[in-house]
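Below is one structure; the comments refer to it alone.
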Amino acid sequence: MNTQATTSPQFYLTAPAPCPYLPGEMERKVFTHLVGPRATEMNDLLTQGGFRRSQNIAYRPACESCRACLSVRIIAGEFKPNRTMRKVEAMNADLVSTAYPAQPSTEQFSLFRRYLDHRHQNGGMSDMSALDFAIMVEDTHVRTKVIEYRSRPREGEDGPGRLMAVALSDVMSDGLSMVYSFFDPELERRSLGTFMVLDHIRRANEMGLPHVYLGYWVRGSRKMGYKIRFQPQEHLLGPGWTRHDATEDVEG
């Protein structure tokens, strides 16, 4: 397969495979490589067109009989947290979030393994090694950050606080795109997944960026239901990005 940078990206189609979100459905993806000097520009354009990034690959669903996957982005400047989200913010007020270059660490991988072993034992990433994790973080030709969420060091303590969550995110011309995130499964009561999204909304507003891209919301998939809670948001439909009517189908 030719992975060299060309003037126009080359697109490929995967073979059908069982859908990881909806039982009984088959998925296919169209994908291209994000390499070369235009990778950042292409990542912006493709993400705005409904693609997601994984390492140096941009992909989007191309399923023959299903259209359940919808690209979702939060309108950061209009977002107002609801009562539950304000409680999550208050519960995690003791955390410090810091953005770093896309470089992996042993501490991050240890947290990543605990997260997978607890929540995704049978998922496609369940057997990832330290090398696989390093590639996931480092194999990027676009502007990517690793955001660590740590407990605030107590007075007199040396070094950073406890690592509780990590987000791998792309900085785009019109927003932040959350590529992957994970957290300490022992701290489920903190709702760290929700907190990381709230933190990205805050960061987007501070950076003057209008959107936070959450990837795909899959109608009918419980594991994706949380994404619909961050309103207002837009879904990528046939006519383009369309403001979602939150009264239609708010989940959970």
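Naming works like this for the structure tokens: A, B, ... for the chains as they're shown, residue 1 at the start of each chain, ligands 1 onward in shown order.
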### Message
Using DSSP secondary structure from the backbone, list all strand (DSSP E) positions within segment 95-128 of chain A, as a list in words.
### Response
Leu95, Val96, Ser97, Thr98, Ala99, Tyr100 and Pro101 of chain A
Atoms kept (C-alpha atoms) for selection, written as a PDB file, in the first residue's frame:
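Produced file selection-v5.pdb, reproduced below:
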```pdb
ATOM      1  CA  LEU A  95      -7.314  18.126  40.165  1.00  0.00           C
ATOM      2  CA  VAL A  96      -4.752  19.930  38.035  1.00  0.00           C
ATOM      3  CA  SER A  97      -4.753  19.462  34.255  1.00  0.00           C
ATOM      4  CA  THR A  98      -1.580  20.065  32.273  1.00  0.00           C
ATOM      5  CA  ALA A  99      -0.985  19.771  28.517  1.00  0.00           C
ATOM      6  CA  TYR A 100       2.265  18.237  27.278  1.00  0.00           C
ATOM      7  CA  PRO A 101       3.732  17.287  23.885  1.00  0.00           C
TER       8      PRO A 101
END
```
Quick one: everything within 8 Å of segment 8-15 of chain A, counting only C-alpha atoms, minus sequence neighbours fewer than 2 positions away in the same chain. Send it as a PDB file with N, CA, C and O atoms, in the first residue's frame.
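Writing done, so here's out26.pdb:
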```
ATOM      1  N   ALA A   5       3.290  10.716   0.870  1.00  0.00           N
ATOM      2  CA  ALA A   5       2.471  11.922   0.755  1.00  0.00           C
ATOM      3  C   ALA A   5       2.279  12.269  -0.718  1.00  0.00           C
ATOM      4  O   ALA A   5       3.216  12.238  -1.503  1.00  0.00           O
ATOM      5  N   THR A   6       1.068  12.566  -1.102  1.00  0.00           N
ATOM      6  CA  THR A   6       0.756  12.967  -2.457  1.00  0.00           C
ATOM      7  C   THR A   6      -0.013  14.261  -2.409  1.00  0.00           C
ATOM      8  O   THR A   6      -0.439  14.723  -1.357  1.00  0.00           O
ATOM      9  N   ALA A  17     -16.661  -6.020   8.896  1.00  0.00           N
ATOM     10  CA  ALA A  17     -16.313  -6.643  10.170  1.00  0.00           C
ATOM     11  C   ALA A  17     -17.459  -6.390  11.144  1.00  0.00           C
ATOM     12  O   ALA A  17     -18.238  -5.446  10.967  1.00  0.00           O
ATOM     13  N   ARG A  28     -17.927  -1.022   7.967  1.00  0.00           N
ATOM     14  CA  ARG A  28     -16.817  -0.805   7.043  1.00  0.00           C
ATOM     15  C   ARG A  28     -16.336   0.627   7.246  1.00  0.00           C
ATOM     16  O   ARG A  28     -17.116   1.503   7.662  1.00  0.00           O
ATOM     17  N   LYS A  29     -15.074   0.867   6.955  1.00  0.00           N
ATOM     18  CA  LYS A  29     -14.506   2.203   7.127  1.00  0.00           C
ATOM     19  C   LYS A  29     -13.757   2.608   5.870  1.00  0.00           C
ATOM     20  O   LYS A  29     -13.136   1.770   5.219  1.00  0.00           O
ATOM     21  N   VAL A  30     -13.830   3.887   5.561  1.00  0.00           N
ATOM     22  CA  VAL A  30     -12.980   4.465   4.535  1.00  0.00           C
ATOM     23  C   VAL A  30     -11.875   5.213   5.263  1.00  0.00           C
ATOM     24  O   VAL A  30     -12.121   5.853   6.285  1.00  0.00           O
ATOM     25  N   PHE A  31     -10.631   5.080   4.791  1.00  0.00           N
ATOM     26  CA  PHE A  31      -9.532   5.689   5.524  1.00  0.00           C
ATOM     27  C   PHE A  31      -8.453   6.193   4.574  1.00  0.00           C
ATOM     28  O   PHE A  31      -8.377   5.806   3.402  1.00  0.00           O
ATOM     29  N   THR A  32      -7.622   7.074   5.118  1.00  0.00           N
ATOM     30  CA  THR A  32      -6.479   7.598   4.397  1.00  0.00           C
ATOM     31  C   THR A  32      -5.354   7.853   5.384  1.00  0.00           C
ATOM     32  O   THR A  32      -5.567   7.797   6.604  1.00  0.00           O
ATOM     33  N   HIS A  33      -4.148   8.117   4.881  1.00  0.00           N
ATOM     34  CA  HIS A  33      -2.999   8.349   5.735  1.00  0.00           C
ATOM     35  C   HIS A  33      -2.762   9.848   5.928  1.00  0.00           C
ATOM     36  O   HIS A  33      -2.818  10.615   4.969  1.00  0.00           O
ATOM     37  N   ALA A  62     -18.254   3.717   6.702  1.00  0.00           N
ATOM     38  CA  ALA A  62     -18.770   3.611   5.337  1.00  0.00           C
ATOM     39  C   ALA A  62     -19.639   2.358   5.255  1.00  0.00           C
ATOM     40  O   ALA A  62     -19.505   1.540   4.346  1.00  0.00           O
TER      41      ALA A  62
END
```
#### Entry: 8 Å contact set for His211 of chain A, only C-alpha atoms, chain neighbours under 2 positions out, as a ChimeraX atom specification
/A:73-77,174-176,201,204,209,213
Kindly save the residues from that selection, with N, CA, C and O atoms included, as a CSV table (one decimal), in the first residue's frame.
```
chain,number,residue,atom,x,y,z
A,73,ARG,N,-20.0,17.5,17.6
A,73,ARG,CA,-19.1,18.5,18.1
A,73,ARG,C,-19.9,19.5,19.0
A,73,ARG,O,-21.0,19.8,18.7
A,74,ILE,N,-19.3,19.8,20.1
A,74,ILE,CA,-19.9,20.7,21.1
A,74,ILE,C,-19.7,22.2,20.7
A,74,ILE,O,-18.6,22.5,20.2
A,75,ILE,N,-20.7,23.0,20.8
A,75,ILE,CA,-20.5,24.5,20.6
A,75,ILE,C,-20.0,25.1,21.9
A,75,ILE,O,-20.8,25.4,22.8
A,76,ALA,N,-18.7,25.2,22.0
A,76,ALA,CA,-18.1,25.5,23.3
A,76,ALA,C,-18.5,26.8,23.8
A,76,ALA,O,-18.8,26.9,25.0
A,77,GLY,N,-18.7,27.9,23.0
A,77,GLY,CA,-19.0,29.2,23.5
A,77,GLY,C,-20.4,29.3,24.1
A,77,GLY,O,-20.6,30.2,24.8
A,174,ASP,N,-10.3,25.0,14.3
A,174,ASP,CA,-11.6,25.4,14.8
A,174,ASP,C,-12.0,24.7,16.1
A,174,ASP,O,-13.2,24.7,16.4
A,175,GLY,N,-11.1,24.0,16.7
A,175,GLY,CA,-11.5,23.3,18.0
A,175,GLY,C,-10.5,22.3,18.5
A,175,GLY,O,-9.4,22.2,17.9
A,176,LEU,N,-10.9,21.6,19.5
A,176,LEU,CA,-10.1,20.5,20.1
A,176,LEU,C,-10.8,19.2,19.7
A,176,LEU,O,-12.0,19.1,19.9
A,201,ILE,N,-13.8,21.8,27.0
A,201,ILE,CA,-14.7,22.9,26.7
A,201,ILE,C,-14.1,24.2,27.2
A,201,ILE,O,-14.0,25.2,26.6
A,204,ALA,N,-11.0,25.0,25.1
A,204,ALA,CA,-11.4,25.6,23.8
A,204,ALA,C,-11.8,27.0,23.9
A,204,ALA,O,-11.4,27.9,23.1
A,209,LEU,N,-11.4,28.8,20.5
A,209,LEU,CA,-11.8,27.8,19.5
A,209,LEU,C,-13.3,27.5,19.7
A,209,LEU,O,-13.7,27.3,20.8
A,213,TYR,N,-14.6,18.5,19.4
A,213,TYR,CA,-15.1,17.3,18.7
A,213,TYR,C,-15.0,16.1,19.5
A,213,TYR,O,-14.0,15.7,20.1
```
### Task
Write out as JSON, numbers by chain the residues lying within 10 Å of Cys63 of chain A, counting only C-alpha atoms and excluding same-chain residues fewer than 3 positions away.
{"A": [16, 17, 19, 25, 26, 27, 28, 29, 30, 60, 66, 67, 68, 69]}
Based on the selection just made, write N, CA, C and O atoms of those residues as an mmCIF file, in the first residue's frame.
```
data_model
loop_
_atom_site.group_PDB
_atom_site.id
_atom_site.type_symbol
_atom_site.label_atom_id
_atom_site.label_comp_id
_atom_site.auth_asym_id
_atom_site.auth_seq_id
_atom_site.Cartn_x
_atom_site.Cartn_y
_atom_site.Cartn_z
ATOM 1 N N PRO A 16 -15.740 -5.776 5.425
ATOM 2 C CA PRO A 16 -16.761 -5.781 6.477
ATOM 3 C C PRO A 16 -16.283 -6.533 7.715
ATOM 4 O O PRO A 16 -15.577 -7.536 7.616
ATOM 5 N N ALA A 17 -16.661 -6.020 8.896
ATOM 6 C CA ALA A 17 -16.313 -6.643 10.170
ATOM 7 C C ALA A 17 -17.459 -6.390 11.144
ATOM 8 O O ALA A 17 -18.238 -5.446 10.967
ATOM 9 N N CYS A 19 -19.719 -4.974 13.937
ATOM 10 C CA CYS A 19 -19.751 -3.655 14.565
ATOM 11 C C CYS A 19 -19.504 -3.790 16.062
ATOM 12 O O CYS A 19 -20.140 -4.615 16.730
ATOM 13 N N GLU A 25 -24.859 -5.848 13.472
ATOM 14 C CA GLU A 25 -24.505 -4.962 12.363
ATOM 15 C C GLU A 25 -23.051 -5.216 11.925
ATOM 16 O O GLU A 25 -22.223 -5.671 12.705
ATOM 17 N N MET A 26 -22.777 -4.919 10.672
ATOM 18 C CA MET A 26 -21.429 -5.017 10.130
ATOM 19 C C MET A 26 -20.936 -3.618 9.794
ATOM 20 O O MET A 26 -21.697 -2.769 9.313
ATOM 21 N N GLU A 27 -19.664 -3.362 10.053
ATOM 22 C CA GLU A 27 -19.096 -2.049 9.785
ATOM 23 C C GLU A 27 -18.035 -2.124 8.692
ATOM 24 O O GLU A 27 -17.352 -3.133 8.519
ATOM 25 N N ARG A 28 -17.927 -1.022 7.967
ATOM 26 C CA ARG A 28 -16.817 -0.805 7.043
ATOM 27 C C ARG A 28 -16.336 0.627 7.246
ATOM 28 O O ARG A 28 -17.116 1.503 7.662
ATOM 29 N N LYS A 29 -15.074 0.867 6.955
ATOM 30 C CA LYS A 29 -14.506 2.203 7.127
ATOM 31 C C LYS A 29 -13.757 2.608 5.870
ATOM 32 O O LYS A 29 -13.136 1.770 5.219
ATOM 33 N N VAL A 30 -13.830 3.887 5.561
ATOM 34 C CA VAL A 30 -12.980 4.465 4.535
ATOM 35 C C VAL A 30 -11.875 5.213 5.263
ATOM 36 O O VAL A 30 -12.121 5.853 6.285
ATOM 37 N N ARG A 60 -13.506 7.127 8.631
ATOM 38 C CA ARG A 60 -14.908 7.376 8.955
ATOM 39 C C ARG A 60 -15.726 6.169 8.533
ATOM 40 O O ARG A 60 -15.316 5.410 7.645
ATOM 41 N N CYS A 66 -26.262 0.840 7.476
ATOM 42 C CA CYS A 66 -26.487 1.504 8.757
ATOM 43 C C CYS A 66 -25.900 2.902 8.719
ATOM 44 O O CYS A 66 -24.802 3.105 8.194
ATOM 45 N N ARG A 67 -26.616 3.851 9.307
ATOM 46 C CA ARG A 67 -26.142 5.233 9.413
ATOM 47 C C ARG A 67 -26.248 5.721 10.851
ATOM 48 O O ARG A 67 -26.517 6.888 11.099
ATOM 49 N N ALA A 68 -26.034 4.812 11.807
ATOM 50 C CA ALA A 68 -26.221 5.165 13.210
ATOM 51 C C ALA A 68 -25.118 6.070 13.742
ATOM 52 O O ALA A 68 -25.339 6.838 14.676
ATOM 53 N N CYS A 69 -23.912 5.986 13.175
ATOM 54 C CA CYS A 69 -22.793 6.789 13.668
ATOM 55 C C CYS A 69 -22.901 8.221 13.156
ATOM 56 O O CYS A 69 -22.933 8.453 11.946
#
```
### Query
Do you have the atom CA of Arg119 of chain A-atom CA of His244 of chain A distance handy?
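Going from atom CA of Arg119 of chain A over to atom CA of His244 of chain A covers 29.4 Å.
Each of A:Ser71, A:Asn82, A:Pro239, A:Ala167 was compared to Tyr59 of chain A using only C-alpha atoms, and A:Ser71 turns out to be the nearest.
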### Query
Pick from A:Leu34, A:Ala39, A:Ala130, A:Met224: nearest to Ala58 of chain A, with only C-alpha atoms counted?
A:Leu34
Between segment 75-184 of chain A and segment 41-50 of chain A, at 10 Å or less, what are the per-residue closest atom pairs and their distances in Å? Count only C-alpha atoms, order by chain and rising residue number, and return it as a Markdown table.
```
| residue | atom | partner | partner_atom | distance |
| --- | --- | --- | --- | --- |
| A:His141 | CA | A:Asn43 | CA | 9.2 |
| A:Val142 | CA | A:Asn43 | CA | 7.3 |
| A:Arg143 | CA | A:Asn43 | CA | 9.5 |
| A:Asp170 | CA | A:Asn43 | CA | 9.1 |
| A:Val171 | CA | A:Asp44 | CA | 9.0 |
| A:Met172 | CA | A:Asp44 | CA | 5.9 |
| A:Ser173 | CA | A:Asp44 | CA | 6.8 |
| A:Asp174 | CA | A:Asp44 | CA | 8.0 |
| A:Gly175 | CA | A:Asp44 | CA | 9.2 |
| A:Ser177 | CA | A:Thr47 | CA | 8.2 |
```
### Task
Using DSSP on the backbone coordinates, identify the residues of segment 36-180 of chain A assigned to helix (DSSP H, G or I); present them as a ChimeraX atom specification.
/A:39-48,76-78,83-91,106-119,130-138
### Task
Have a look at atom CA of Tyr216 of chain A and atom CA of Arg52 of chain A and let me know their distance in Å, one decimal.
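Atom CA of Tyr216 of chain A sits 8.5 Å away from atom CA of Arg52 of chain A.
Remark: for Phe133 of chain A, the closest of the candidate residues A:Phe183, A:Lys145, A:Met207, A:Gln55 is A:Gln55 (distances computed over only C-alpha atoms).
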Could you make a table, as a tab-separated table, of the residues of segment 118-210 of chain A that have an atom within 12 Å of an atom of segment 228-236 of chain A, each with its nearest atom pair and distance in Å to one decimal, counting only C-alpha atoms, in chain and number order?
```
residue	atom	partner	partner_atom	distance
A:Thr194	CA	A:Phe230	CA	9.2
A:Phe195	CA	A:Phe230	CA	11.4
A:Val197	CA	A:Phe230	CA	8.6
A:Leu198	CA	A:Phe230	CA	8.7
A:His200	CA	A:Phe230	CA	11.7
A:Ile201	CA	A:Phe230	CA	9.7
A:Pro210	CA	A:Gln233	CA	11.0
```
Since we have the selection now, will you write its residues out, keeping N, CA and C atoms, as a compact mmCIF listing (two decimals), in the first residue's frame?
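again_14.txt was written with the following content:
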```txt
# COMPACT_ATOMS: atom_id res chain seq x y z
N THR A 194 -16.55 12.53 32.09
CA THR A 194 -17.31 13.78 31.96
C THR A 194 -16.43 14.98 32.27
N PHE A 195 -15.62 14.86 33.32
CA PHE A 195 -14.77 15.99 33.72
C PHE A 195 -13.78 16.36 32.62
N VAL A 197 -14.18 16.06 29.39
CA VAL A 197 -14.90 16.80 28.35
C VAL A 197 -15.13 18.23 28.79
N LEU A 198 -15.55 18.41 30.04
CA LEU A 198 -15.77 19.76 30.56
C LEU A 198 -14.48 20.57 30.53
N HIS A 200 -12.02 20.18 28.41
CA HIS A 200 -11.74 20.52 27.01
C HIS A 200 -12.61 21.69 26.54
N ILE A 201 -13.84 21.75 27.02
CA ILE A 201 -14.69 22.89 26.67
C ILE A 201 -14.08 24.17 27.24
N PRO A 210 -14.03 27.44 18.65
CA PRO A 210 -15.48 27.32 18.81
C PRO A 210 -16.00 25.93 19.12
```
### Query
For Ser65 of chain A, which residue among A:Gly24, A:Arg202, A:Gly193, A:Val88 is the nearest when counting only C-alpha atoms?
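Residue with the minimum atom-to-atom distance to Ser65 of chain A: A:Gly24.
Of the listed residues A:Ile135, A:Val212, A:Ala246, A:Leu187, the one whose atoms come nearest to Tyr115 of chain A is A:Leu187, with distances taken using only C-alpha atoms.
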